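Asker: Input: one structure, supplied below.
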Amino acid sequence: METAISAGIIGIGLGAQYALLSLGFTLIYGILGVINFSHGGFYMLGGYVAFAVVSKLGLPYPVAVIAATLVCAGLGALFELLVLERHIDDHLATMMLTMGLYLVMGTVLVLAFGTEPVEFHSPVSGSWRSGRIYVPYANLVVLCACLAAIAGVYALLYKSNLGRALRALADDRPVATALGLPPKILFPAAFGVATGLAGFTGALVTPILSLHPHIGDSILTISFMIVILGGLGSVVGAAVAAFVVGLVEAYSSIYLGGSIGALTLFLLVLITLVVRPTGLFGRQVRAA
Amino acid sequence: MHRKVSSMARVFEFVGRGEVATIVVLALAFAVPFATSSPLVFSLSNQILIATIAAFSVYIMLRMDLLSFALPAFMALGGYAIAVAAKAGITNLVALLLISFAVPALVALPLGSLVLRLRGTYFVLVTFAFNEVLQLLLFEMPAITGGSNGIAGVPASTFLGMALSSNQAVLVVTCVIGVLAAIITAGVTAFYRREFAAISENETLATSLGLVTRRYKTIGLVVSAGVAGLAGFALVNMLLTAHPSSFSTLSGFSYIVFAIVGGRASMMGPLLGAAVLTTATLLFSSKGEYSPALYGMLVIAVVMLARNGIAGIRLPSLGRPYVEPGADAQSFKREGKAI
Amino acid sequence: MARLCRAAIIASVLALTQICSDANAQECEAKVGVVGPMSGGAALWGLSARNGVEIAAAEFNQAGGLPMGEKRCKVVVVSYDSKYSAEGAAAAANNLASQGVNVIVGPVGSPEATGIKPVAERNKQVTINSSFAKDAIGPQWPLAFHAVAGPSAWAKPVVKMAKEKFDIKSIVVVAPNDQGGTDTATVAVDTYRGMGIDAKEEYYQRGTTNFAPIVARIMRSDPTAIDVCTAPPGDAATLVKQLLEAGFKGTFGRLGGVATDEIVRAAGGIETLGNFYWLESVNVEPAHLEAIVAVQKSLTQTPANPAVVAIFAASGRLALKAISSAGTSSDGVKVAQELRNLSIVDPWLGKGDWTGMPSFGIRQEFGFPVGMGLIVKGKNLGVSPVSVVGQ
């Protein structure tokens, strides 16, 4: 019984991390139609910027997190403006471009910080314990940040002018542009928000786990899977799918083992998509 | 007015200039094993040929505007199938060719019926998940697959009683597989050119006009899987080992890059993409820690500068020989409504 | 007059260059290859391997060159990135063969060793790999050598010491689900069981960053010890951190590549770590370690793993000695013959012997002594040498 509760707690913790990651990915995909292969790269960059601010500049951790978010947002917006914008309609091209960026980012991080993990601890330590069940306080911080981020992104997209403009551009670019919405400013902004989120997640989560230049490799898989599972074009869907995936991973890994657990997860994804081809919350829209 | 159309012109019209050129280039590759004995040239040629065959598999699906990440899985099915067969005593080259094509093709049939109704990005993800599942199955079934160690010491293939185990013979076998794969690819893309194009342009419209899209997508997937199996055979033949690390998601992704960066308008694209990027990877390998960045920058440069891929680069005297007249940068249609 | 002067100058310059090129023509080259992962997750090992061989080469070059018959030749190191994959290693071998380099120190990883051996055999190249693969060498590859003692050689003596020191009753061995993980984990588990310890294997999906579920699974079986086997340093560090978070109070073990610094850091210090035993693939005295770090830094700015540097420096020295005795660096079979006649002794790694018969069926393993490190009750007791000869 204790194990089942522990599994649930672990699953929610995983879900929070995955939700934070997928939010950025779903923003870029939903609005720009770009599969961002450098998503993991921005996650790592956020972690390293935060690490550098804390250890080299000696500034407090919250400042480091903000710095990480801003650096990643800025870099992302710049990359979109200079490189992606010209090819924004060709989805295969943007995939290649972001993949190229990921390779370059990875190498730069290796050259700057080395290939081995760096020592980056969370300022929040200790856990709440009851018998065998435990919840590290740092995980609670991540969970709160996650919920705040989900609320923030939702508000941005559905309650703000920027969000309305972005959705309009995504729906029908020619008409939106004709009505005066400038894609050349809005698209980099959207990309920047998404990469900023990735950096924010990296700064928050890597101190709990570990920080080295290869943690980005598996980020893309998980984000991609969650966004599709949740259904394209649904922020709520991505969030829900993140927690579902987190819980499934936790329970299957604990009861079936790491390797078989991963197999179970992927099989479930396959089956879900076969049964519900547009994901849990997606809407099938026919292109006329 | 009676116009004489030469049979050559008819072939060009049916199959496409790019396709014929590609098959000719691959046939010319047979000269390499006899013109030189440098292990480097053999190794590079082998790698380029294998990459080209894999890129053909991606290309077939791209003709329908479908991006399949299941490539490494089908390669693994083909490669492991012939490894098991060769170890069990079946080493005849023709038999192995058939097995390496048939096994993944047969798996693709039921898979197709399940996943081909998915559109666009959903399809991409499902093929990705299928690939991960297969990798994990390879690990979990060590009795058949050798688990994480793979199947080592695969006997070389034989033809007319001769064991094809020397460096030269291995390259000849790879050339044979290459030409076979090219003919199959050219054949299927030419025969179903219009159907694939219709599915690529606007699947809903095509279905409403009476095209049984499901049938053609399945044909495309099955042939694509078979060609991938051939690539797997060539890879296992070169290494004499069926190892899971040869069929990783990362290597699969490289082949996709070759096909896209090379150009999507004709078969020349995958060939050029494979040749250029494989050579680049080799050159960058001696730069150690800088190699991923160099490769990334190369990909970015090509995509930025060559809109139709490497095959679409405007050559001063030849114009743009390998782009279909009227073709613009083909775009991957976006499915589903955005936020 | 001016024309005569100019002619004289040109003539003397030509004469000088002729003399110089004659001198150069007497300078020959002995090429040795290094193959390893120089990008990607295992890059540190490949780069360290390269450093090690370059150190061995520099030693001979600074002494005037490698003696080859009557001449002294300059040692040239040619390196290739094998990207931790079978094809990468096969391609590297073919590359080197076409440059006439038929003595290869490396590769490092298990998939690489698997990929290179058939190709090297075809090309008649000597390889000296450091992988922990179950089939790292074998009678079907007579030109393949093993640079260090593998798990089948060191498992028994090391596990015996651990069991005696920490009174281990049950253990869980954790490793990634790839060849590097399974080859070592299976040997380790068998050895633990052979000593009467209740042992279990747990494999995790490569690429996992959050080990909380695995930790929960391990804690369910309540082991007295946990061996993180060959999990890469980042993974091992996170595992230890999360195990301590979950309340694990037992002994930690690391019978795989060295990751002690990362694990101690992740635990938050030696006292928090408590009891820990680890394997050093070779035993290098602390004084030598400082020398290694200094020499390696003088050659390149790239950070390196001193143990791997030492292993590859040793293999490089032995390979070069064999090349010197054979008088050629392009005849792999001849070099292998001479290599087999050398004794297994190295200024940094100490004295060992040829091993490999019981594990691989061929006596072509450099059985240098390994090291066993111990942290007992929060106190670092250092590394003690363990012999692998006479198993």
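Note on naming: chains are A, B, ... as they come in the structure tokens, residues start from 1 per chain, ligands start from 1 in the order shown.
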Residues of chain C were defined as contacting chain B if any atom lay at most 9 Å from it, counting only C-alpha atoms; please report them as number ranges by chain.
Answerer: C: 37-40, 43, 46-47, 78-87, 90-99, 110-111, 114-116, 118-119, 122-123, 133-134, 177-183, 205
Asker: Print the selection's residues with C-alpha atoms to a file, as an mmCIF file, in the first residue's frame.
Answerer:
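Result file is result_2.cif:
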data_model
loop_
_atom_site.group_PDB
_atom_site.id
_atom_site.type_symbol
_atom_site.label_atom_id
_atom_site.label_comp_id
_atom_site.auth_asym_id
_atom_site.auth_seq_id
_atom_site.Cartn_x
_atom_site.Cartn_y
_atom_site.Cartn_z
ATOM 1 C CA PRO C 37 34.201 7.977 -28.655
ATOM 2 C CA MET C 38 35.235 11.624 -28.918
ATOM 3 C CA SER C 39 31.771 13.083 -29.065
ATOM 4 C CA GLY C 40 28.563 12.194 -27.319
ATOM 5 C CA ALA C 43 33.434 11.594 -25.035
ATOM 6 C CA GLY C 46 37.652 8.718 -25.951
ATOM 7 C CA LEU C 47 39.434 12.013 -25.438
ATOM 8 C CA VAL C 78 46.276 9.209 -35.746
ATOM 9 C CA SER C 79 42.924 9.354 -33.973
ATOM 10 C CA TYR C 80 39.339 8.726 -35.060
ATOM 11 C CA ASP C 81 36.014 9.291 -33.377
ATOM 12 C CA SER C 82 34.078 6.029 -33.320
ATOM 13 C CA LYS C 83 30.989 7.646 -31.741
ATOM 14 C CA TYR C 84 30.367 4.696 -29.361
ATOM 15 C CA SER C 85 28.842 2.615 -32.154
ATOM 16 C CA ALA C 86 29.756 -0.529 -34.069
ATOM 17 C CA GLU C 87 29.784 1.138 -37.501
ATOM 18 C CA ALA C 90 34.414 -0.310 -38.218
ATOM 19 C CA ALA C 91 34.722 2.857 -40.302
ATOM 20 C CA ALA C 92 37.583 4.080 -38.124
ATOM 21 C CA ALA C 93 39.456 0.800 -38.612
ATOM 22 C CA ASN C 94 39.054 0.979 -42.383
ATOM 23 C CA ASN C 95 40.141 4.597 -42.397
ATOM 24 C CA LEU C 96 43.271 3.796 -40.472
ATOM 25 C CA ALA C 97 44.002 0.764 -42.670
ATOM 26 C CA SER C 98 43.992 2.905 -45.767
ATOM 27 C CA GLN C 99 46.535 5.189 -44.137
ATOM 28 C CA SER C 110 31.603 -2.467 -25.885
ATOM 29 C CA PRO C 111 29.642 -1.748 -29.096
ATOM 30 C CA THR C 114 32.107 -5.608 -31.255
ATOM 31 C CA GLY C 115 32.186 -3.577 -34.456
ATOM 32 C CA ILE C 116 35.925 -3.302 -34.874
ATOM 33 C CA PRO C 118 35.785 -8.515 -37.550
ATOM 34 C CA VAL C 119 36.956 -5.578 -39.658
ATOM 35 C CA ARG C 122 40.073 -8.722 -42.166
ATOM 36 C CA ASN C 123 42.530 -5.836 -42.407
ATOM 37 C CA ALA C 133 32.445 -6.776 -23.016
ATOM 38 C CA LYS C 134 32.002 -10.487 -22.345
ATOM 39 C CA ASN C 177 19.873 -1.619 -20.619
ATOM 40 C CA ASP C 178 22.674 -1.732 -23.158
ATOM 41 C CA GLN C 179 25.720 -3.913 -23.725
ATOM 42 C CA GLY C 180 27.917 -1.874 -21.395
ATOM 43 C CA GLY C 181 25.390 -2.534 -18.656
ATOM 44 C CA THR C 182 24.456 -6.166 -19.207
ATOM 45 C CA ASP C 183 27.976 -7.518 -19.772
ATOM 46 C CA GLN C 205 16.137 2.626 -19.892
#
Asker: Could you please select, counting only C-alpha atoms, the residues of chain A within 8 Å of chain C and state them as a PyMOL selection string?
Answerer: chain A and resi 3+6-7+10+14+114-117+119+126-127+132+134+136+209-215+217-218+249-251+253-255+257-259+262
Asker: Could you pull out all residues of range 96-271 of chain B with a DSSP call of helix (DSSP H, G or I) and give them as an NGL selection string?
Answerer: :B and (96-115 or 120-140 or 142-145 or 147-149 or 167-191 or 193-201 or 203-208 or 213-239 or 244-247 or 249-262 or 268-271)
Asker: Based on the selection just made, write C-alpha atoms of those residues as a short mmCIF file (atom, residue, chain, number, x, y, z; two decimals), in the first residue's frame.
Answerer:
data_model
loop_
_atom_site.label_atom_id
_atom_site.label_comp_id
_atom_site.auth_asym_id
_atom_site.auth_seq_id
_atom_site.Cartn_x
_atom_site.Cartn_y
_atom_site.Cartn_z
CA LEU B 96 18.88 -13.49 -47.96
CA LEU B 97 17.78 -10.64 -50.23
CA LEU B 98 14.26 -12.02 -50.25
CA ILE B 99 14.21 -12.55 -46.49
CA SER B 100 15.53 -9.08 -45.70
CA PHE B 101 12.85 -7.51 -47.90
CA ALA B 102 9.99 -9.77 -46.93
CA VAL B 103 10.22 -9.79 -43.12
CA PRO B 104 9.84 -6.04 -42.55
CA ALA B 105 7.33 -5.79 -45.40
CA LEU B 106 5.17 -8.45 -43.77
CA VAL B 107 5.34 -6.66 -40.42
CA ALA B 108 4.45 -3.39 -42.12
CA LEU B 109 1.19 -4.82 -43.47
CA PRO B 110 -0.72 -5.18 -40.19
CA LEU B 111 1.08 -2.16 -38.74
CA GLY B 112 -0.11 -0.12 -41.69
CA SER B 113 -3.72 -1.05 -41.17
CA LEU B 114 -3.43 0.24 -37.61
CA VAL B 115 -1.46 3.42 -38.03
CA GLY B 120 0.76 14.13 -40.23
CA THR B 121 2.46 14.53 -36.90
CA TYR B 122 0.43 11.82 -35.20
CA PHE B 123 1.77 9.37 -37.75
CA VAL B 124 5.30 10.59 -37.04
CA LEU B 125 4.91 9.95 -33.35
CA VAL B 126 3.37 6.53 -33.75
CA THR B 127 6.24 5.40 -35.95
CA PHE B 128 8.62 6.79 -33.35
CA ALA B 129 6.90 4.84 -30.57
CA PHE B 130 6.97 1.69 -32.72
CA ASN B 131 10.71 2.12 -33.13
CA GLU B 132 11.28 2.46 -29.38
CA VAL B 133 9.11 -0.59 -28.73
CA LEU B 134 11.13 -2.67 -31.17
CA GLN B 135 14.44 -1.56 -29.62
CA LEU B 136 13.18 -2.61 -26.20
CA LEU B 137 11.88 -5.91 -27.55
CA LEU B 138 15.34 -6.60 -29.02
CA PHE B 139 16.73 -6.14 -25.53
CA GLU B 140 14.10 -8.21 -23.75
CA PRO B 142 18.01 -12.30 -25.75
CA ALA B 143 17.30 -15.87 -26.77
CA ILE B 144 16.49 -14.82 -30.33
CA THR B 145 18.23 -11.51 -30.68
CA GLY B 147 19.93 -9.04 -26.29
CA SER B 148 22.21 -6.05 -25.91
CA ASN B 149 25.14 -7.98 -27.38
CA ASN B 167 36.38 -6.60 -48.46
CA GLN B 168 35.87 -6.43 -52.20
CA ALA B 169 33.08 -9.00 -52.22
CA VAL B 170 31.25 -7.21 -49.41
CA LEU B 171 31.23 -4.01 -51.42
CA VAL B 172 29.99 -5.86 -54.52
CA VAL B 173 27.12 -7.28 -52.49
CA THR B 174 26.28 -3.81 -51.21
CA CYS B 175 26.28 -2.49 -54.79
CA VAL B 176 23.88 -5.25 -55.80
CA ILE B 177 21.56 -4.37 -52.92
CA GLY B 178 21.87 -0.70 -53.83
CA VAL B 179 20.85 -1.15 -57.44
CA LEU B 180 18.02 -3.47 -56.44
CA ALA B 181 16.71 -0.95 -53.92
CA ALA B 182 16.98 1.84 -56.48
CA ILE B 183 15.02 -0.10 -59.07
CA ILE B 184 12.31 -0.94 -56.55
CA THR B 185 12.11 2.67 -55.37
CA ALA B 186 12.03 4.07 -58.88
CA GLY B 187 9.44 1.52 -59.85
CA VAL B 188 7.05 2.15 -57.01
CA THR B 189 7.34 5.92 -57.13
CA ALA B 190 6.90 5.97 -60.88
CA PHE B 191 4.04 3.53 -61.01
CA ARG B 193 3.38 8.79 -58.97
CA ARG B 194 -0.05 10.32 -59.41
CA GLU B 195 -1.64 8.52 -56.49
CA PHE B 196 1.18 9.46 -54.13
CA ALA B 197 1.10 13.05 -55.36
CA ALA B 198 -2.63 13.22 -54.78
CA ILE B 199 -2.26 11.94 -51.25
CA SER B 200 0.55 14.39 -50.65
CA GLU B 201 -1.37 17.40 -52.01
CA GLU B 203 -5.67 13.59 -48.94
CA THR B 204 -9.22 14.53 -48.08
CA LEU B 205 -9.87 15.78 -51.57
CA ALA B 206 -8.31 12.68 -53.06
CA THR B 207 -10.51 10.41 -50.95
CA SER B 208 -13.59 12.35 -51.84
CA THR B 213 -5.91 6.30 -50.23
CA ARG B 214 -5.59 3.56 -47.64
CA ARG B 215 -4.47 1.08 -50.29
CA TYR B 216 -1.75 3.29 -51.71
CA LYS B 217 -0.47 4.39 -48.34
CA THR B 218 -0.16 0.74 -47.37
CA ILE B 219 1.69 -0.09 -50.57
CA GLY B 220 4.05 2.80 -49.89
CA LEU B 221 4.64 1.71 -46.30
CA VAL B 222 5.20 -1.94 -47.20
CA VAL B 223 7.68 -1.17 -49.98
CA SER B 224 9.40 1.43 -47.81
CA ALA B 225 9.75 -1.19 -45.06
CA GLY B 226 11.14 -3.72 -47.51
CA VAL B 227 13.74 -1.28 -48.83
CA ALA B 228 14.69 -0.46 -45.24
CA GLY B 229 15.14 -4.18 -44.64
CA LEU B 230 17.55 -4.29 -47.58
CA ALA B 231 19.52 -1.49 -45.96
CA GLY B 232 19.62 -3.52 -42.75
CA PHE B 233 20.97 -6.51 -44.68
CA ALA B 234 23.73 -4.38 -46.19
CA LEU B 235 24.67 -3.03 -42.77
CA VAL B 236 24.81 -6.42 -41.07
CA ASN B 237 26.73 -7.78 -44.05
CA MET B 238 29.32 -5.04 -43.72
CA LEU B 239 29.78 -5.52 -39.97
CA PRO B 244 21.31 -3.02 -31.52
CA SER B 245 23.49 0.09 -31.57
CA SER B 246 23.44 -0.01 -35.40
CA PHE B 247 19.68 0.56 -35.40
CA THR B 249 16.90 6.15 -33.09
CA LEU B 250 19.80 8.52 -33.63
CA SER B 251 21.13 6.65 -36.66
CA GLY B 252 17.61 6.45 -38.02
CA PHE B 253 17.34 10.15 -37.71
CA SER B 254 20.56 10.63 -39.68
CA TYR B 255 19.06 8.82 -42.65
CA ILE B 256 16.01 11.06 -42.50
CA VAL B 257 18.29 14.09 -42.59
CA PHE B 258 20.00 12.71 -45.70
CA ALA B 259 16.71 12.36 -47.51
CA ILE B 260 15.39 15.79 -46.57
CA VAL B 261 18.60 17.75 -46.97
CA GLY B 262 19.34 15.96 -50.22
CA MET B 268 18.81 11.94 -56.82
CA GLY B 269 18.11 13.78 -53.58
CA PRO B 270 18.59 10.85 -51.18
CA LEU B 271 21.68 9.77 -53.12
#
Asker: What residues in chain A lie within 6 Å of chain B, counting only C-alpha atoms, written as a list in words?
Answerer: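 Within 6 Å of chain B on chain A, we get Gly30, Ile31, Asp90, His91, Leu97, Gly100, Leu103, Val104, Thr107, Arg167, Ala170, Gly233, Leu263, Phe266, Leu270, Pro277, Gln284 and Val285 of chain A.
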Asker: Would you mind exporting N, CA and C atoms of the selected residues as a compact mmCIF listing (two decimals), in the first residue's frame?
Answerer:
# COMPACT_ATOMS: atom_id res chain seq x y z
N GLY A 30 2.02 24.35 -31.75
CA GLY A 30 0.66 24.80 -32.01
C GLY A 30 0.61 26.10 -32.80
N ILE A 31 1.48 27.03 -32.46
CA ILE A 31 1.39 28.34 -33.11
C ILE A 31 2.22 28.40 -34.37
N ASP A 90 7.89 25.66 -44.18
CA ASP A 90 8.37 24.32 -44.56
C ASP A 90 8.73 23.57 -43.29
N HIS A 91 7.87 22.65 -42.89
CA HIS A 91 8.04 22.07 -41.58
C HIS A 91 9.21 21.12 -41.49
N LEU A 97 16.61 22.65 -39.23
CA LEU A 97 17.30 23.81 -38.68
C LEU A 97 17.40 23.71 -37.17
N GLY A 100 19.96 21.18 -36.23
CA GLY A 100 21.31 21.72 -36.37
C GLY A 100 21.66 22.59 -35.16
N LEU A 103 22.60 20.47 -32.16
CA LEU A 103 23.95 19.92 -32.22
C LEU A 103 24.98 20.98 -31.84
N VAL A 104 24.77 22.19 -32.37
CA VAL A 104 25.72 23.26 -32.07
C VAL A 104 25.68 23.61 -30.58
N THR A 107 27.48 21.03 -28.42
CA THR A 107 28.95 21.11 -28.50
C THR A 107 29.46 22.31 -27.72
N ARG A 167 -2.95 33.33 -31.81
CA ARG A 167 -3.90 32.33 -32.28
C ARG A 167 -4.47 32.70 -33.63
N ALA A 170 -1.93 31.89 -36.22
CA ALA A 170 -1.83 30.45 -36.42
C ALA A 170 -3.01 29.94 -37.25
N GLY A 233 -2.68 21.20 -30.31
CA GLY A 233 -3.51 22.38 -30.20
C GLY A 233 -4.25 22.47 -28.88
N LEU A 263 8.92 -0.04 -21.97
CA LEU A 263 8.20 -0.75 -23.02
C LEU A 263 6.69 -0.56 -22.86
N PHE A 266 5.56 2.98 -23.95
CA PHE A 266 5.47 3.19 -25.39
C PHE A 266 4.33 2.39 -26.00
N LEU A 270 1.19 3.85 -28.18
CA LEU A 270 0.79 3.29 -29.47
C LEU A 270 -0.71 2.96 -29.47
N PRO A 277 -7.15 8.49 -32.66
CA PRO A 277 -6.08 9.01 -33.53
C PRO A 277 -5.75 10.47 -33.35
N GLN A 284 -10.13 16.88 -34.49
CA GLN A 284 -9.82 16.58 -35.88
C GLN A 284 -10.38 17.69 -36.75
N VAL A 285 -9.46 18.39 -37.42
CA VAL A 285 -9.93 19.45 -38.31
C VAL A 285 -9.56 19.04 -39.73
Asker: Have a look at CA of Phe34 in chain B and CA of Ala280 in chain B and let me know their distance in Å, one decimal.
Answerer: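 These two atoms are separated by 24.6 Å.
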Asker: Grab the CA of Ser343 in chain C to CA of Val308 in chain C distance for me, in Å with one decimal place.
Answerer: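 That distance, rounded to one decimal, is 20.5 Å.
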Asker: Calculate how many Å separate CA of Phe60 in chain C from CA of Ile292 in chain C, rounding to one decimal.
Answerer: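 Straight-line distance from CA of Phe60 in chain C to CA of Ile292 in chain C works out to 16.1 Å.
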Asker: Report as a short mmCIF file (atom, residue, chain, number, x, y, z; two decimals) with C-alpha atoms, in the first residue's frame all protein, DNA and RNA residues lying within 9 Å of Ala189 in chain A, evaluated on only C-alpha atoms, omitting residues in the same chain fewer than 2 positions from it.
Answerer:
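After the write, selection-v6.cif holds the following:
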data_model
loop_
_atom_site.label_atom_id
_atom_site.label_comp_id
_atom_site.auth_asym_id
_atom_site.auth_seq_id
_atom_site.Cartn_x
_atom_site.Cartn_y
_atom_site.Cartn_z
CA ALA A 73 13.99 33.44 -24.34
CA GLY A 76 15.21 31.55 -29.01
CA ALA A 77 13.62 34.73 -30.30
CA GLU A 80 13.57 32.40 -34.92
CA LYS A 184 7.73 39.26 -37.87
CA ILE A 185 7.39 40.45 -34.28
CA LEU A 186 4.88 37.96 -32.97
CA PHE A 187 6.48 34.73 -34.15
CA PHE A 191 9.29 31.16 -29.93
CA GLY A 192 11.00 33.16 -27.21
CA VAL A 193 8.25 32.47 -24.69
CA ALA A 194 8.51 28.77 -25.42
#
Asker: Which residue, B:Leu93, B:Leu211, B:Leu62, B:Ala54, has the smallest gap to Pro155 in chain B when you use only C-alpha atoms?
Answerer: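 Residue with the minimum atom-to-atom distance to Pro155 in chain B: B:Leu93.
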Asker: Give the strand (DSSP E) residues of range 160-234 of chain C, as assigned by DSSP on the backbone, as a ChimeraX atom specification.
Answerer: /C:170-176,198-204,225-227
Asker: Show me, as number ranges by chain, the residues that have an atom within 9 Å of Pro183 in chain A when counting only C-alpha atoms, minus same-chain residues fewer than 3 positions from it.
Answerer: A: 166, 169, 173, 176-177, 186-188
Asker: With N, CA and C atoms retained, write the just-selected residues as a compact mmCIF listing (two decimals), in the first residue's frame.
Answerer:
# COMPACT_ATOMS: atom_id res chain seq x y z
N LEU A 166 -1.56 35.73 -31.53
CA LEU A 166 -0.86 34.51 -31.92
C LEU A 166 -1.82 33.48 -32.47
N LEU A 169 -2.90 34.45 -35.96
CA LEU A 169 -1.86 34.18 -36.95
C LEU A 169 -1.77 32.70 -37.25
N ARG A 173 -2.90 32.92 -41.50
CA ARG A 173 -1.88 33.96 -41.53
C ARG A 173 -2.18 35.09 -42.49
N ALA A 176 -4.82 37.40 -41.06
CA ALA A 176 -4.34 38.08 -39.85
C ALA A 176 -3.34 39.17 -40.21
N THR A 177 -2.44 38.83 -41.14
CA THR A 177 -1.45 39.84 -41.54
C THR A 177 -2.12 41.02 -42.21
N LEU A 186 5.62 38.88 -33.82
CA LEU A 186 4.88 37.96 -32.97
C LEU A 186 5.48 36.55 -32.96
N PHE A 187 5.95 36.09 -34.13
CA PHE A 187 6.48 34.73 -34.15
C PHE A 187 7.75 34.61 -33.31
N PRO A 188 8.71 35.51 -33.47
CA PRO A 188 9.87 35.41 -32.56
C PRO A 188 9.45 35.51 -31.11
Asker: Which neighbours of range 53-56 of chain A fall inside 12 Å, counting only C-alpha atoms, when residues of the same chain fewer than 3 positions from it are skipped, and could you give them as number ranges by chain?
Answerer: A: 46-50, 59-68, 71, 118-123, 203, 207
